[in-house]
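Chemist: Attaching a single structure in structure tokens format; questions to follow.
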Amino acid sequence: MSTDWLEISEGNAPLVLSIPHTGLTIPDEISQQLQCDKETALADTDWWVDKLYSFAPELGITVVRSHISRTVIDLNRDPSGVSLYPGQTTTQLCPQERFDGIPFYAAPLSEEETEYRKATWFMPYHNALSHQLNRLKRQHGQVVLFDAHSIRSLCPRLFEGELPGLNLGTNTDKSCHSDYATIAFSALQSSVHSAVSNGRFKGGWITRHYGNPGQGIHALQLEIAQRCYLREPAEPGRPEYDAAYAAPLQNELKQLLSRLIDRAKS
């Protein structure tokens, strides 16, 4: 079911893991539009989140992951262009600049270009995500959607100071039953890293769009400050992945997702 940019690994546990922001691919026709080099354009990647959750198949978890860079199109934004955080700095469906304000393009993208990117990458990703959620909901009666993200610990244009380590978002508990939110936050609070629920990050479009506890779909987002599993560089850039360094958090995440699966099966 996978393509050259869309990776789908099917499992039968009642949990779908969405990984929309680890992609490093910027197609040539889009790369030619950029006024910055590729490494600059990739700086806001959710670095190595796919490796952090590499245990997912062991738990029977279905994984939907994009290899297209979020610089091309952000799969976790409202396709209508409406801001998820009114009054706060955020990035667009097709980002025009980096988190730190460095512009990608000399001029705004046309509406035609935005529609092309939506049709080519946004819609297929969400069609795949919807299909997997519906498949597992039919099988189990209810299903968990876990949207996995990470971000630099310091992003002054997006938030003040250092971001807490583990940021759970449940759209202020509208996107999942309270049991799931409690299980998730309790697990995060047992970590050595600081944890908050529905703080700066309350869940992006994926969490808000799919979360429908009344219909048996329970959506949660976890935004991880990258210092929790990477030796975070001082400046935005591509960090190395050290499996031993990431292992403590990886083990905690494995326990968290196992508990959510157990709840969905109960």
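Simple scheme: letters A, B, ... for chains in structure tokens order, numbers from 1 for residues in each chain, numbers from 1 for ligands in the order shown.
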May I have the residues within 8 Å of region 242-258 of chain A as a PyMOL selection string, using only C-alpha atoms and disregarding those fewer than 6 positions away in the same chain?
Modeler: chain A and resi 52-53+55-56+59+183-184+187-188+191+228-230
Chemist: Mind dumping a table of every region 51-135 of chain A residue within 12 Å of region 145-149 of chain A, with the nearest atom pair and its distance in Å to one decimal, using only C-alpha atoms, sorted by chain and rising number, as a Markdown table?
Modeler:
```
| residue | atom | partner | partner_atom | distance |
| --- | --- | --- | --- | --- |
| A:Lys51 | CA | A:Ala148 | CA | 11.4 |
| A:Leu52 | CA | A:Ala148 | CA | 9.7 |
| A:Tyr53 | CA | A:Ala148 | CA | 8.6 |
| A:Ser54 | CA | A:Ala148 | CA | 11.9 |
| A:Ala56 | CA | A:Phe146 | CA | 11.3 |
| A:Ile61 | CA | A:Phe146 | CA | 10.2 |
| A:Thr62 | CA | A:Leu145 | CA | 9.7 |
| A:Val63 | CA | A:Phe146 | CA | 9.7 |
| A:Val64 | CA | A:Asp147 | CA | 9.8 |
| A:Arg65 | CA | A:Ala148 | CA | 9.9 |
| A:Ser66 | CA | A:Ala148 | CA | 11.9 |
| A:Arg70 | CA | A:His149 | CA | 11.7 |
| A:Leu75 | CA | A:Asp147 | CA | 11.1 |
| A:Asn76 | CA | A:Asp147 | CA | 9.2 |
| A:Leu129 | CA | A:Leu145 | CA | 9.2 |
| A:Ser130 | CA | A:Leu145 | CA | 10.2 |
| A:Gln132 | CA | A:Leu145 | CA | 9.8 |
| A:Leu133 | CA | A:Leu145 | CA | 7.5 |
| A:Asn134 | CA | A:Leu145 | CA | 11.0 |
```
Chemist: Please save C-alpha atoms of the selected residues as an mmCIF file, in the first residue's frame.
Modeler:
```cif
data_model
loop_
_atom_site.group_PDB
_atom_site.id
_atom_site.type_symbol
_atom_site.label_atom_id
_atom_site.label_comp_id
_atom_site.auth_asym_id
_atom_site.auth_seq_id
_atom_site.Cartn_x
_atom_site.Cartn_y
_atom_site.Cartn_z
ATOM 1 C CA LYS A 51 13.194 6.079 14.608
ATOM 2 C CA LEU A 52 11.917 7.011 18.059
ATOM 3 C CA TYR A 53 8.705 5.055 17.403
ATOM 4 C CA SER A 54 10.382 2.220 15.500
ATOM 5 C CA ALA A 56 5.438 0.296 16.681
ATOM 6 C CA ILE A 61 0.470 -0.669 15.505
ATOM 7 C CA THR A 62 -0.435 0.655 12.059
ATOM 8 C CA VAL A 63 1.933 3.410 10.908
ATOM 9 C CA VAL A 64 1.121 6.092 8.337
ATOM 10 C CA ARG A 65 4.196 8.201 7.540
ATOM 11 C CA SER A 66 4.974 10.819 4.910
ATOM 12 C CA ARG A 70 6.652 19.663 5.766
ATOM 13 C CA LEU A 75 -0.176 17.619 6.599
ATOM 14 C CA ASN A 76 -1.216 18.778 10.077
ATOM 15 C CA LEU A 129 -5.194 7.771 7.461
ATOM 16 C CA SER A 130 -8.992 7.662 7.204
ATOM 17 C CA GLN A 132 -6.736 2.771 8.385
ATOM 18 C CA LEU A 133 -8.828 4.309 11.154
ATOM 19 C CA ASN A 134 -12.033 2.963 9.625
#
```
Chemist: Gln189 (chain A): which residues within 12 Å, counting only C-alpha atoms, same-chain residues fewer than 3 positions away excluded, as an MDAnalysis selection string?
Modeler: chainID A and resid 164:168 182:186 192:197 252:253 256
Chemist: Dump N, CA and C atoms for the selected residues as a compact mmCIF listing (two decimals), in the first residue's frame?
Modeler:
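The file below, selection14.txt, is the result:
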```
# COMPACT_ATOMS: atom_id res chain seq x y z
N PRO A 164 8.28 22.76 27.55
CA PRO A 164 8.30 21.54 28.37
C PRO A 164 8.64 20.33 27.52
N GLY A 165 9.15 19.30 28.15
CA GLY A 165 9.64 18.16 27.38
C GLY A 165 8.58 17.41 26.60
N LEU A 166 7.45 17.12 27.26
CA LEU A 166 6.42 16.27 26.67
C LEU A 166 5.09 17.03 26.69
N ASN A 167 4.55 17.30 25.50
CA ASN A 167 3.39 18.16 25.37
C ASN A 167 2.24 17.37 24.77
N LEU A 168 1.31 16.96 25.63
CA LEU A 168 0.15 16.19 25.18
C LEU A 168 -0.94 17.15 24.72
N THR A 182 -6.30 10.68 30.45
CA THR A 182 -5.77 10.40 31.79
C THR A 182 -4.65 9.38 31.72
N ILE A 183 -4.87 8.31 30.96
CA ILE A 183 -3.84 7.27 30.82
C ILE A 183 -2.57 7.86 30.21
N ALA A 184 -2.73 8.66 29.16
CA ALA A 184 -1.58 9.22 28.48
C ALA A 184 -0.82 10.19 29.37
N PHE A 185 -1.54 11.09 30.01
CA PHE A 185 -0.85 12.10 30.81
C PHE A 185 -0.22 11.49 32.06
N SER A 186 -0.87 10.49 32.63
CA SER A 186 -0.28 9.81 33.78
C SER A 186 1.05 9.15 33.40
N VAL A 192 11.09 11.29 33.37
CA VAL A 192 12.04 12.25 33.96
C VAL A 192 11.90 13.62 33.30
N HIS A 193 11.22 13.68 32.15
CA HIS A 193 11.02 14.94 31.43
C HIS A 193 9.75 15.64 31.92
N SER A 194 9.75 16.95 31.86
CA SER A 194 8.56 17.70 32.25
C SER A 194 7.42 17.42 31.27
N ALA A 195 6.21 17.45 31.77
CA ALA A 195 5.04 17.12 30.94
C ALA A 195 3.92 18.11 31.20
N VAL A 196 3.22 18.49 30.13
CA VAL A 196 2.04 19.34 30.24
C VAL A 196 0.95 18.78 29.33
N SER A 197 -0.28 19.12 29.65
CA SER A 197 -1.41 18.69 28.83
C SER A 197 -2.14 19.93 28.33
N GLU A 252 9.68 4.65 27.38
CA GLU A 252 8.51 5.28 27.98
C GLU A 252 7.37 5.38 26.98
N LEU A 253 7.69 5.72 25.75
CA LEU A 253 6.66 5.82 24.71
C LEU A 253 6.05 4.46 24.40
N LEU A 256 3.58 3.79 27.03
CA LEU A 256 2.41 4.65 26.85
C LEU A 256 1.48 4.10 25.79
```
Chemist: Which is closest to Gln215 (chain A) among A:Arg259, A:Lys118, A:His177, A:Arg135, if we use only C-alpha atoms?
Modeler: A:His177
